[in-house]
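What's in input_8.txt: compact mmCIF, C-alpha atoms
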# COMPACT_ATOMS: atom_id res chain seq x y z
CA MET A 1017 43.88 54.78 42.73
CA ALA A 1018 43.91 56.16 46.27
CA LEU A 1019 41.17 58.60 45.29
CA ALA A 1020 39.08 55.70 43.97
CA ALA A 1021 39.59 53.82 47.24
CA VAL A 1022 38.55 56.88 49.27
CA CYS A 1023 35.44 57.34 47.07
CA ALA A 1024 34.56 53.66 47.38
CA ALA A 1025 34.99 53.79 51.15
CA ALA A 1026 32.82 56.93 51.38
CA ALA A 1027 30.15 55.39 49.16
CA SER A 1028 30.07 52.19 51.19
CA SER A 1029 29.81 54.09 54.48
CA ILE A 1030 26.89 56.12 53.09
CA LEU A 1031 25.28 52.91 51.89
CA LEU A 1032 25.82 51.24 55.28
CA ALA A 1033 24.41 54.26 57.07
CA ALA A 1034 21.29 54.16 54.91
CA CYS A 1035 20.79 50.42 55.30
CA GLY A 1036 21.97 50.12 58.85
CA SER A 1037 19.22 52.06 60.54
CA SER A 1038 18.78 50.91 64.08
CA PRO A 1039 16.05 48.29 64.68
CA THR A 1040 12.86 49.37 66.41
CA ASN A 1041 10.55 47.53 68.69
CA LYS A 1042 7.52 48.80 66.78
CA ASP A 1043 4.90 46.06 66.40
CA ASP A 1044 3.61 46.16 62.81
CA SER A 1045 0.70 43.87 63.69
CA THR A 1046 -1.10 46.84 65.25
CA PHE A 1047 -1.16 48.73 61.93
CA THR A 1048 -4.68 49.69 60.86
CA TYR A 1049 -5.70 51.18 57.54
CA LEU A 1050 -7.46 54.51 57.84
CA LEU A 1051 -10.77 53.18 56.48
CA ASP A 1052 -10.67 50.22 58.89
CA ARG A 1053 -10.31 52.37 62.00
CA LYS A 1054 -13.27 52.18 64.31
CA GLY A 1055 -14.67 55.31 65.82
CA ALA A 1056 -15.92 55.40 69.35
CA TRP A 1057 -19.16 53.41 68.92
CA GLN A 1058 -22.01 54.38 71.16
CA GLU A 1059 -25.10 52.20 71.57
CA ASN A 1060 -28.43 54.01 71.34
CA LYS A 1061 -30.30 54.22 74.61
CA LEU A 1062 -33.47 52.11 74.63
CA ALA A 1063 -36.50 54.38 74.50
CA GLY A 1064 -38.57 51.54 75.94
CA LEU A 1065 -39.38 47.91 75.39
CA PRO A 1066 -41.84 46.73 72.74
CA LYS A 1067 -45.19 45.22 73.63
CA LEU A 1068 -45.16 41.49 74.26
CA PRO A 1069 -46.46 39.47 71.32
CA GLN A 1070 -50.16 38.89 71.97
CA ALA A 1071 -52.19 35.80 71.12
CA GLY A 1072 -53.01 35.98 67.43
CA THR A 1073 -49.93 38.02 66.55
CA THR A 1074 -48.58 36.85 63.22
CA LEU A 1075 -44.98 35.92 63.88
CA LEU A 1076 -42.28 35.49 61.23
CA PRO A 1077 -40.86 31.95 61.47
CA PHE A 1078 -37.28 31.28 60.41
CA ASP A 1079 -35.14 28.16 60.05
CA VAL A 1080 -32.18 27.51 62.31
CA SER A 1081 -31.33 23.84 61.89
CA ASN A 1082 -33.08 20.69 60.75
CA ASP A 1083 -31.65 19.00 63.85
CA THR A 1084 -33.46 21.09 66.46
CA PRO A 1085 -37.04 20.38 67.55
CA LEU A 1086 -37.52 24.03 68.55
CA LYS A 1087 -39.44 26.54 66.44
CA PHE A 1088 -38.15 30.10 66.09
CA ALA A 1089 -40.03 33.26 65.10
CA VAL A 1090 -39.65 37.04 65.24
CA ASP A 1091 -42.42 39.48 66.15
CA PRO A 1092 -42.50 41.90 63.19
CA GLY A 1093 -43.96 44.71 65.30
CA SER A 1094 -40.89 44.70 67.54
CA LEU A 1095 -38.22 44.75 64.83
CA SER A 1096 -36.21 47.98 64.51
CA VAL A 1097 -32.91 49.08 63.02
CA GLY A 1098 -31.12 51.70 65.09
CA SER A 1099 -28.80 54.44 63.88
CA ASP A 1100 -26.15 52.58 65.92
CA GLY A 1101 -26.33 49.64 63.48
CA VAL A 1102 -28.13 47.34 65.91
CA VAL A 1103 -31.12 45.30 64.77
CA ARG A 1104 -33.48 44.87 67.76
CA TYR A 1105 -36.28 42.31 67.81
CA THR A 1106 -38.46 40.04 69.92
CA VAL A 1107 -37.80 36.34 69.35
CA VAL A 1108 -40.26 33.61 70.32
CA ILE A 1109 -38.80 30.14 70.81
CA THR A 1110 -41.35 27.34 71.11
CA SER A 1111 -40.65 23.77 72.25
CA PRO A 1112 -42.52 20.72 70.89
CA SER A 1113 -44.60 20.68 74.11
CA GLY A 1114 -45.67 24.30 73.53
CA ALA A 1115 -43.46 25.97 76.16
CA ARG A 1116 -42.31 29.41 74.97
CA ASN A 1117 -39.32 31.61 75.66
CA VAL A 1118 -39.77 35.23 74.63
CA ASN A 1119 -36.72 37.52 74.52
CA TYR A 1120 -36.08 41.07 73.41
CA GLU A 1121 -32.58 41.11 71.89
CA GLY A 1122 -30.25 43.00 69.62
CA ILE A 1123 -27.72 41.97 66.98
CA ARG A 1124 -24.79 44.26 66.21
CA CYS A 1125 -23.93 43.73 62.55
CA ASP A 1126 -20.45 45.31 62.52
CA THR A 1127 -19.03 43.06 65.26
CA TYR A 1128 -21.05 39.81 64.94
CA GLU A 1129 -22.38 40.15 68.50
CA TRP A 1130 -25.74 39.88 70.24
CA ARG A 1131 -27.21 40.94 73.55
CA LEU A 1132 -30.29 40.24 75.62
CA TYR A 1133 -32.28 43.25 76.82
CA ALA A 1134 -35.21 41.48 78.49
CA SER A 1135 -37.11 38.18 78.76
CA LEU A 1136 -40.68 37.26 79.53
CA ASN A 1137 -41.18 37.48 83.30
CA ALA A 1138 -42.24 34.56 85.51
CA ASP A 1139 -45.87 35.71 85.51
CA HIS A 1140 -45.90 35.83 81.68
CA ASP A 1141 -47.37 39.32 81.70
CA GLY A 1142 -44.38 41.63 81.22
CA TRP A 1143 -40.67 42.00 80.61
CA ASP A 1144 -37.92 41.07 83.07
CA GLN A 1145 -34.91 43.32 82.46
CA THR A 1146 -32.82 41.81 85.27
CA VAL A 1147 -31.68 39.09 82.83
CA ALA A 1148 -30.07 41.62 80.46
CA ASN A 1149 -26.50 40.89 79.44
CA ASP A 1150 -23.68 42.70 77.66
CA TRP A 1151 -22.58 42.09 74.07
CA SER A 1152 -21.41 38.51 73.36
CA ARG A 1153 -19.92 36.94 70.25
CA ILE A 1154 -22.47 35.02 68.19
CA GLU A 1155 -21.80 31.28 68.36
CA ASN A 1156 -21.84 29.21 65.19
CA GLY A 1157 -22.51 25.52 64.91
CA SER A 1158 -24.95 25.15 67.78
CA LEU A 1159 -28.22 23.37 67.06
CA ASN A 1160 -30.04 26.39 68.43
CA SER A 1161 -27.76 29.10 67.08
CA TYR A 1162 -30.61 31.30 65.99
CA HIS A 1163 -28.53 34.46 66.33
CA ALA A 1164 -26.22 33.26 63.54
CA ALA A 1165 -29.23 32.35 61.38
CA LEU A 1166 -30.79 35.80 61.84
CA TYR A 1167 -27.45 37.56 61.27
CA HIS A 1168 -26.58 35.71 58.06
CA ASP A 1169 -30.01 35.07 56.57
CA TYR A 1170 -31.99 38.23 57.31
CA PHE A 1171 -30.44 41.01 59.37
CA CYS A 1172 -26.90 41.79 58.19
CA THR A 1173 -24.79 41.97 55.07
CA SER A 1174 -21.24 43.33 54.75
CA LYS A 1175 -21.22 44.11 58.50
CA MET A 1176 -24.24 46.41 58.12
CA PRO A 1177 -27.99 46.00 58.55
CA VAL A 1178 -29.62 44.80 55.31
CA GLY A 1179 -31.94 47.79 55.32
CA LYS A 1180 -34.74 49.40 57.24
CA ALA A 1181 -36.95 47.28 59.50
CA SER A 1182 -39.68 47.15 56.83
CA VAL A 1183 -37.22 45.58 54.35
CA ILE A 1184 -36.14 42.94 56.87
CA VAL A 1185 -39.77 42.15 57.76
CA GLU A 1186 -40.71 41.74 54.09
CA ASN A 1187 -37.68 39.53 53.44
CA MET A 1188 -38.61 37.32 56.39
CA ARG A 1189 -42.30 37.26 55.45
CA TYR A 1190 -41.54 36.02 51.95
CA GLY A 1191 -38.57 33.80 52.87
CA ARG A 1192 -36.02 35.93 50.99
CA SER A 1193 -32.88 35.13 52.93
CA GLN A 1194 -29.45 36.59 52.20
CA ALA A 1195 -28.33 33.07 51.31
CA VAL A 1196 -30.68 33.29 48.30
CA VAL A 1197 -30.63 37.04 47.52
CA HIS A 1198 -27.26 38.38 46.39
Could you write out this file's structure as structure tokens?
Amino acid sequence: MALAAVCAAAASSILLAACGSSPTNKDDSTFTYLLDRKGAWQENKLAGLPKLPQAGTTLLPFDVSNDTPLKFAVDPGSLSVGSDGVVRYTVVITSPSGARNVNYEGIRCDTYEWRLYASLNADHDGWDQTVANDWSRIENGSLNSYHAALYHDYFCTSKMPVGKASVIVENMRYGRSQAVVH
């Protein structure tokens, strides 16, 4: 009986030692699966800015919201897909009175962000790069949230560009948005 008590005591102390490991302050919320780990992303350097859309250039219109009076279009000649996963394009935003904003921008598909590289200068004859900004989160729900429309409808799928620039241009030309094509 004493031997059984000694064995039971030894077994329980082994069990307690195994279960009673000291608590750690490790934060499990920082755990990342191997395939979800991000490498050190590097944005491609701009080789130059595209030509401004000229009068008569056939632009690719796209819908943003039925509630906005503005018209939105992309210059197909400016659209490119970089090896860094950024879709770069010139967007032309036209008001009902005919006033136009012309921007050269990029959308980063993997992070749902956009950035401005340049805008039409005050003389309307070239690019103004002093307005460039850093990457910003794309806003949803705005009447003029054209970045979200381009991201979801034409440029990106599964956090990657839909395809080469020619594929995106053809999809926009024929109104084949990602909302329709699955």
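With only C-alpha atoms as the basis for measurement, A:Cys1172 is the residue among A:Val1080, A:Ala1056, A:Cys1172, A:Ala1148 that approaches A:Ile1184 most closely.
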Pick out the closest residue to A:Tyr1162 from this set: A:Arg1116, A:Lys1061, A:Arg1189, A:Lys1087. Count all atoms listed in the file.
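Smallest separation from A:Tyr1162 among the options: A:Lys1087.
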Quick check, in Å to one decimal: how far apart do atom CA of A:Thr1127 and atom CA of A:Arg1153 lie?
7.9 Å
Might you pull out every residue within 8 Å of A:Asp1144, with all atoms listed in the file counted and same-chain residues fewer than 5 positions away left off, and present them as a short mmCIF file (atom, residue, chain, number, x, y, z; two decimals) with C-alpha atoms, in the frame of the given file?
data_model
loop_
_atom_site.label_atom_id
_atom_site.label_comp_id
_atom_site.auth_asym_id
_atom_site.auth_seq_id
_atom_site.Cartn_x
_atom_site.Cartn_y
_atom_site.Cartn_z
CA ALA A 1134 -35.21 41.48 78.49
CA SER A 1135 -37.11 38.18 78.76
CA LEU A 1136 -40.68 37.26 79.53
CA ASN A 1137 -41.18 37.48 83.30
#
Measuring atom to atom with only C-alpha atoms, identify which of A:Lys1180, A:Glu1121, A:Ser1111, A:Val1102 is nearest to A:Leu1065.
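Residue with the minimum atom-to-atom distance to A:Leu1065: A:Glu1121.
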Using only C-alpha atoms, which of A:Leu1132, A:Val1147, A:Ala1164, A:Ala1181 sits nearest A:Ser1094?
A:Ala1181
So which one's closest to A:Pro1066, A:Gly1142, A:Asn1187, A:Asn1082, A:Glu1129? Using all atoms listed in the file, please.
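Ranking A:Gly1142, A:Asn1187, A:Asn1082, A:Glu1129 by distance to A:Pro1066, first place goes to A:Gly1142.
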Nearest to A:Leu1095, chosen from A:Trp1151, A:Trp1130, A:Tyr1120, A:Trp1057, with only C-alpha atoms counted in the distances:
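That would be A:Tyr1120, the residue with the smallest distance to A:Leu1095.
When atom CA of A:Asp1100 is paired with atom CA of A:Asp1079, their separation reads 26.7 Å.
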Using all atoms listed in the file, give me every residue within 10 Å of (-34.5, 43.6, 56.5) in file coordinates, as a PyMOL selection string.
chain A and resi 1095-1097+1103+1169-1173+1177-1188+1192-1194
Here's a test: counting all atoms listed in the file, identify every protein, DNA and RNA residue with an atom at most 8 Å from (-45.1, 38.5, 71.2) in the file's coordinate frame, and state them as a list in words.
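Applying the cut-off with all atoms listed in the file, one gets Lys1067, Leu1068, Pro1069, Gln1070, Ala1071, Thr1073, Leu1075, Asp1091, Thr1106, Val1107, Val1108 and Val1118 of chain A.
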What is the atom CA of A:Gly1114 to atom CA of A:Pro1085 distance in Å?
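Taking atom CA of A:Gly1114 and atom CA of A:Pro1085, their separation equals 11.2 Å.
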